[in-house]
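A.B. asks: Next comes the structure file target29.cif, holding mmCIF, C-alpha atoms.
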```
data_input
#
loop_
_atom_site.label_atom_id
_atom_site.label_comp_id
_atom_site.auth_asym_id
_atom_site.auth_seq_id
_atom_site.Cartn_x
_atom_site.Cartn_y
_atom_site.Cartn_z
CA MET A 299 65.14 88.05 74.37
CA ARG A 300 62.11 87.36 76.57
CA LYS A 301 63.87 84.35 78.07
CA ASN A 302 66.87 86.51 79.09
CA LYS A 303 64.60 89.11 80.67
CA PHE A 304 62.76 86.38 82.56
CA ILE A 305 66.02 84.87 83.82
CA LEU A 306 67.26 88.31 84.87
CA LEU A 307 63.96 88.97 86.69
CA ILE A 308 64.21 85.64 88.55
CA PHE A 309 67.82 86.42 89.49
CA VAL A 310 66.86 89.87 90.81
CA LEU A 311 63.98 88.42 92.84
CA VAL A 312 66.16 85.68 94.33
CA MET A 313 68.92 88.15 95.14
CA SER A 314 66.58 90.64 96.77
CA SER A 315 65.11 87.88 98.94
CA CYS A 316 68.64 86.77 99.93
CA LYS A 317 69.96 90.29 100.57
CA ASN A 318 69.03 90.17 104.27
CA GLU A 319 70.81 86.82 104.66
CA TYR A 320 74.14 88.05 103.30
CA VAL A 321 75.39 90.07 106.24
CA LEU A 322 78.88 90.44 107.67
CA ASP A 323 78.45 89.22 111.22
CA ILE A 324 82.09 89.74 112.18
CA ASN A 325 82.68 91.69 115.37
CA ASN A 326 86.43 92.17 115.05
CA VAL A 327 86.79 93.42 111.47
CA PRO A 328 90.27 94.93 112.06
CA GLU A 329 91.66 91.57 113.26
CA LEU A 330 90.30 89.73 110.21
CA SER A 331 91.30 92.46 107.74
CA ASN A 332 94.83 92.58 109.13
CA ALA A 333 95.13 88.78 109.01
CA ILE A 334 93.97 88.79 105.38
CA LEU A 335 96.36 91.56 104.32
CA GLU A 336 99.34 90.03 106.12
CA SER A 337 98.55 86.60 104.68
CA GLU A 338 98.46 88.02 101.17
CA ILE A 339 101.93 89.50 101.55
CA TYR A 340 103.34 86.09 102.45
CA MET A 341 101.27 84.11 99.92
CA LYS A 342 102.69 86.30 97.15
CA LYS A 343 106.24 85.41 98.25
CA ILE A 344 105.80 81.62 98.06
CA GLU A 345 107.47 80.11 94.99
CA VAL A 346 104.99 79.45 92.20
CA LEU A 347 105.13 76.70 89.59
CA PRO A 348 106.72 77.84 86.31
CA THR A 349 103.54 76.94 84.39
CA TYR A 350 101.55 79.48 86.44
CA PRO A 351 103.74 82.61 86.19
CA ASP A 352 100.82 85.06 86.47
CA ASP A 353 99.33 83.39 89.55
CA TYR A 354 100.12 83.56 93.22
CA VAL A 355 99.74 80.73 95.69
CA GLU A 356 96.21 80.04 96.93
CA VAL A 357 95.30 78.42 100.24
CA GLY A 358 92.53 76.10 101.37
CA ASP A 359 91.19 73.78 104.10
CA LEU A 360 91.34 76.69 106.54
CA TYR A 361 88.02 75.84 108.21
CA LEU A 362 89.42 72.42 109.10
CA GLY A 363 92.29 74.00 110.99
CA LYS A 364 94.65 72.69 108.32
CA ILE A 365 96.34 74.45 105.44
CA GLY A 366 96.61 73.38 101.82
CA LEU A 367 98.58 75.16 99.09
CA LEU A 368 97.78 75.44 95.39
CA TYR A 369 100.33 76.43 92.68
CA SER A 370 103.39 76.17 94.95
CA THR A 371 106.62 74.42 93.96
CA LEU A 372 106.36 72.28 97.08
CA ASN A 373 106.93 68.60 96.15
CA TYR A 374 106.19 69.32 92.51
CA ASP A 375 106.62 66.48 90.03
CA PRO A 376 106.59 67.99 86.50
CA ASN A 377 105.73 64.59 85.00
CA ASP A 378 102.64 64.10 87.15
CA SER A 379 100.13 65.90 84.96
CA ILE A 380 101.60 64.35 81.81
CA GLN A 381 101.44 60.83 83.24
CA GLU A 382 97.98 61.30 84.69
CA GLY A 383 96.69 63.24 81.68
CA ARG A 384 95.16 65.97 83.82
CA TYR A 385 95.45 69.60 84.84
CA ASN A 386 97.84 69.67 87.81
CA PRO A 387 97.99 72.84 89.89
CA ASN A 388 99.92 70.88 92.53
CA TRP A 389 97.54 70.84 95.48
CA GLN A 390 99.51 70.09 98.65
CA PRO A 391 97.33 69.30 101.69
CA ASN A 392 98.38 69.57 105.33
CA VAL A 393 101.34 71.87 104.73
CA ASP A 394 100.81 73.33 108.21
CA THR A 395 102.85 70.36 109.49
CA LEU A 396 105.93 71.46 107.50
CA GLN A 397 108.76 73.53 108.92
CA ASN A 398 109.66 75.28 105.64
CA VAL A 399 107.90 76.44 102.49
CA PRO A 400 109.85 77.56 99.38
CA GLY A 401 109.97 81.36 99.22
CA LEU A 402 109.44 82.07 102.92
CA ASN A 403 111.90 82.10 105.78
CA PRO A 404 110.84 80.15 108.90
CA GLU A 405 109.55 83.27 110.70
CA GLU A 406 107.43 84.34 107.70
CA TRP A 407 106.00 80.82 107.38
CA LYS A 408 105.14 80.79 111.08
CA GLU A 409 103.41 84.17 110.74
CA LEU A 410 101.49 83.07 107.64
CA LYS A 411 100.24 79.96 109.43
CA ARG A 412 99.12 82.08 112.38
CA ASN A 413 97.18 84.45 110.11
CA LEU A 414 95.58 81.62 108.14
CA LYS A 415 94.34 80.06 111.38
CA ILE A 416 92.63 83.40 112.13
CA LEU A 417 90.95 83.29 108.71
CA GLY A 418 89.68 79.77 109.41
CA LYS A 419 88.36 80.90 112.79
CA TYR A 420 86.16 83.44 111.01
CA GLY A 421 84.67 80.90 108.59
CA ILE A 422 86.98 81.37 105.61
CA TYR A 423 87.45 78.14 103.68
CA SER A 424 89.90 79.04 100.92
CA SER A 425 91.28 81.80 98.71
CA SER A 426 90.92 82.55 95.01
CA GLN A 427 92.33 85.22 92.73
CA ALA A 428 90.41 87.83 90.78
CA VAL A 429 91.95 88.21 87.35
CA TYR A 430 90.35 90.59 84.86
CA ASN A 431 90.38 90.73 81.09
CA ASP A 432 93.99 91.90 80.98
CA GLY A 433 94.97 88.60 82.63
CA LYS A 434 96.67 90.32 85.56
CA PHE A 435 96.09 89.57 89.22
CA GLN A 436 93.78 92.11 90.88
CA PHE A 437 93.05 90.84 94.40
CA TYR A 438 92.43 87.78 96.54
CA TYR A 439 88.91 86.86 97.59
CA TYR A 440 87.98 84.23 100.15
CA LEU A 441 85.20 81.63 100.26
CA TYR A 442 83.20 82.53 103.36
CA LYS A 443 80.87 80.35 105.45
CA SER A 444 80.22 77.98 102.59
CA ASP A 445 78.08 75.66 104.73
CA LYS A 446 75.70 78.55 105.51
CA TYR A 447 75.43 80.28 102.14
CA ASN A 448 75.22 77.15 100.00
CA LYS A 449 71.86 76.50 101.71
CA ILE A 450 70.33 79.88 100.87
CA GLY A 451 71.81 80.95 97.55
CA PRO A 452 75.07 81.81 95.79
CA ARG A 453 78.38 81.28 97.54
CA ALA A 454 79.68 84.24 99.52
CA PHE A 455 83.19 85.65 99.45
CA LEU A 456 85.15 88.13 101.55
CA ALA A 457 87.71 90.57 100.18
CA VAL A 458 89.66 93.48 101.59
CA LEU A 459 89.32 96.16 98.92
CA SER A 460 89.67 99.85 98.36
CA GLU A 461 86.67 101.86 97.22
CA ALA A 462 88.43 102.45 93.88
CA GLN A 463 88.72 98.70 93.25
CA THR A 464 84.97 98.25 93.69
CA GLN A 465 84.26 100.92 91.08
CA MET A 466 86.19 99.19 88.29
CA ARG A 467 84.07 97.96 85.38
CA ASP A 468 85.58 94.46 85.57
CA PHE A 469 84.79 94.23 89.29
CA LYS A 470 81.17 95.29 88.76
CA SER A 471 80.74 92.76 85.97
CA ARG A 472 81.93 89.88 88.17
CA PHE A 473 80.81 90.66 91.72
CA ILE A 474 77.85 92.03 93.63
CA ILE A 475 78.53 93.69 96.98
CA MET A 476 76.11 92.33 99.57
CA ASP A 477 77.54 93.97 102.70
CA ARG A 478 80.52 96.01 103.84
CA LYS A 479 82.29 96.90 107.07
CA ASP A 480 85.18 99.31 106.65
CA ASN A 481 87.31 97.89 103.83
CA LEU A 482 85.98 94.32 104.25
CA TYR A 483 83.41 93.39 101.59
CA LEU A 484 80.97 90.48 101.43
CA LEU A 485 80.57 89.55 97.77
CA ILE A 486 78.73 87.13 95.59
CA SER A 487 79.51 86.33 91.98
CA SER A 488 77.35 88.10 89.43
CA ASP A 489 77.91 85.22 87.00
CA ARG A 490 74.45 83.93 86.22
CA ASN A 491 75.58 80.82 84.34
#
```
Let me see the structure of the file written as structure tokens.

C.D. replies:
Amino acid sequence: MRKNKFILLIFVLVMSSCKNEYVLDINNVPELSNAILESEIYMKKIEVLPTYPDDYVEVGDLYLGKIGLLYSTLNYDPNDSIQEGRYNPNWQPNVDTLQNVPGLNPEEWKELKRNLKILGKYGIYSSSQAVYNDGKFQFYYYLYKSDKYNKIGPRAFLAVLSEAQTQMRDFKSRFIIMDRKDNLYLLISSDRN
């Protein structure tokens, strides 16, 4: 019991010293929020592997100016994970060079790429999905300025959320809000493991 209290005290002290470092320094919040929301619409339309029916496609490598997809049916080989004996979410790098992606028409794919480039411009590295105890998708959150925050403390994430979403018990048990501008939140994980 004393050990848990000590760990919690250390965590609180570290977080309070980092609080001033976790600040949204984004001037054009509407541009970023709109790019996030539009991207999410298109990411949810991309065809998902049958083994991940409750997931949506995630993206990555945005800070490199490239785009990678996770969980999409793009070039999927169902025997790959069996042959390799590993978990295979079907990571596809450099999809920004493709003309088509399953689930999107060419105009939607072009618009998604444009929005993802905006996310990368603002320091977003990749997306993840918040899933709560009921196992259902809740919202996307985005790894933000990883090179900066890895040096000072826990990783930081951005999410476009409603006030109601931030008041949910599951949200409060998983995330700590460090800063907010309009509906754009800067989060860290409250997981102390």

A.B. asks: Do a neighbour search on Tyr440 (chain A) at 8 Å with all atoms listed in the file, toss out local chain neighbours closer than 2 positions, and write the hits as a list in words.

C.D. replies: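 Here the qualifying residues turn out to be Ile422, Tyr423, Ser424, Ser425, Ser426, Tyr438, Tyr442, Phe455, Leu456 and Ala457 of chain A.
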
A.B. asks: Neighbourhood query: residues within 12 Å of (91.1, 78.6, 111.9), file coordinates, counting all atoms listed in the file; return as JSON, numbers by chain.

C.D. replies: {"A": [330, 333, 358, 359, 360, 361, 362, 363, 364, 365, 394, 411, 412, 413, 414, 415, 416, 417, 418, 419, 420, 421, 422, 423, 424]}

A.B. asks: One number please: CA of Glu329 (chain A) to CA of Phe437 (chain A), in Å, one decimal.

C.D. replies: 18.9 Å

A.B. asks: List the neighbours of Gln427 (chain A) out to 12 Å using all atoms listed in the file; skip same-chain residues closer than 5 positions along the sequence, and give me the result as a list in words.

C.D. replies: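 Using all atoms listed in the file, the neighbours found are Glu338, Met341, Lys342, Asp352, Asp353, Tyr354, Val355, Glu356, Val357, Leu368, Tyr369, Gly433, Lys434, Phe435, Gln436, Phe437, Tyr438, Tyr439, Tyr440, Leu441, Phe455, Leu456 and Ala457 of chain A.
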
A.B. asks: Could the residues in this selection be written to a file with C-alpha atoms, as a short mmCIF file (atom, residue, chain, number, x, y, z; two decimals), keeping the file's coordinate frame?

C.D. replies:
```
data_model
loop_
_atom_site.label_atom_id
_atom_site.label_comp_id
_atom_site.auth_asym_id
_atom_site.auth_seq_id
_atom_site.Cartn_x
_atom_site.Cartn_y
_atom_site.Cartn_z
CA GLU A 338 98.46 88.02 101.17
CA MET A 341 101.27 84.11 99.92
CA LYS A 342 102.69 86.30 97.15
CA ASP A 352 100.82 85.06 86.47
CA ASP A 353 99.33 83.39 89.55
CA TYR A 354 100.12 83.56 93.22
CA VAL A 355 99.74 80.73 95.69
CA GLU A 356 96.21 80.04 96.93
CA VAL A 357 95.30 78.42 100.24
CA LEU A 368 97.78 75.44 95.39
CA TYR A 369 100.33 76.43 92.68
CA GLY A 433 94.97 88.60 82.63
CA LYS A 434 96.67 90.32 85.56
CA PHE A 435 96.09 89.57 89.22
CA GLN A 436 93.78 92.11 90.88
CA PHE A 437 93.05 90.84 94.40
CA TYR A 438 92.43 87.78 96.54
CA TYR A 439 88.91 86.86 97.59
CA TYR A 440 87.98 84.23 100.15
CA LEU A 441 85.20 81.63 100.26
CA PHE A 455 83.19 85.65 99.45
CA LEU A 456 85.15 88.13 101.55
CA ALA A 457 87.71 90.57 100.18
#
```

A.B. asks: Of the candidates A:Ser460, A:Leu402, A:Ile450, A:Lys443, which shows the shortest atom-to-atom distance to Ile324 (chain A), using only C-alpha atoms?

C.D. replies: A:Lys443

A.B. asks: Using all atoms of region 468-485 of chain A that appear in the file, construct an axis-aligned enclosing box with 6 Å of padding on every side and provide its centre coordinates and edge lengths in Å, rounded to one decimal, as lines of an AutoDock Vina configuration file.

C.D. replies:
```
center_x = 81.7
center_y = 94.4
center_z = 96.3
size_x = 23.2
size_y = 21.8
size_z = 33.5
```

A.B. asks: Could you state the separation of CA of Glu345 (chain A) and CA of Gln390 (chain A) in Å, given to one decimal place?

C.D. replies: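 Distance between the two atoms: 13.3 Å.
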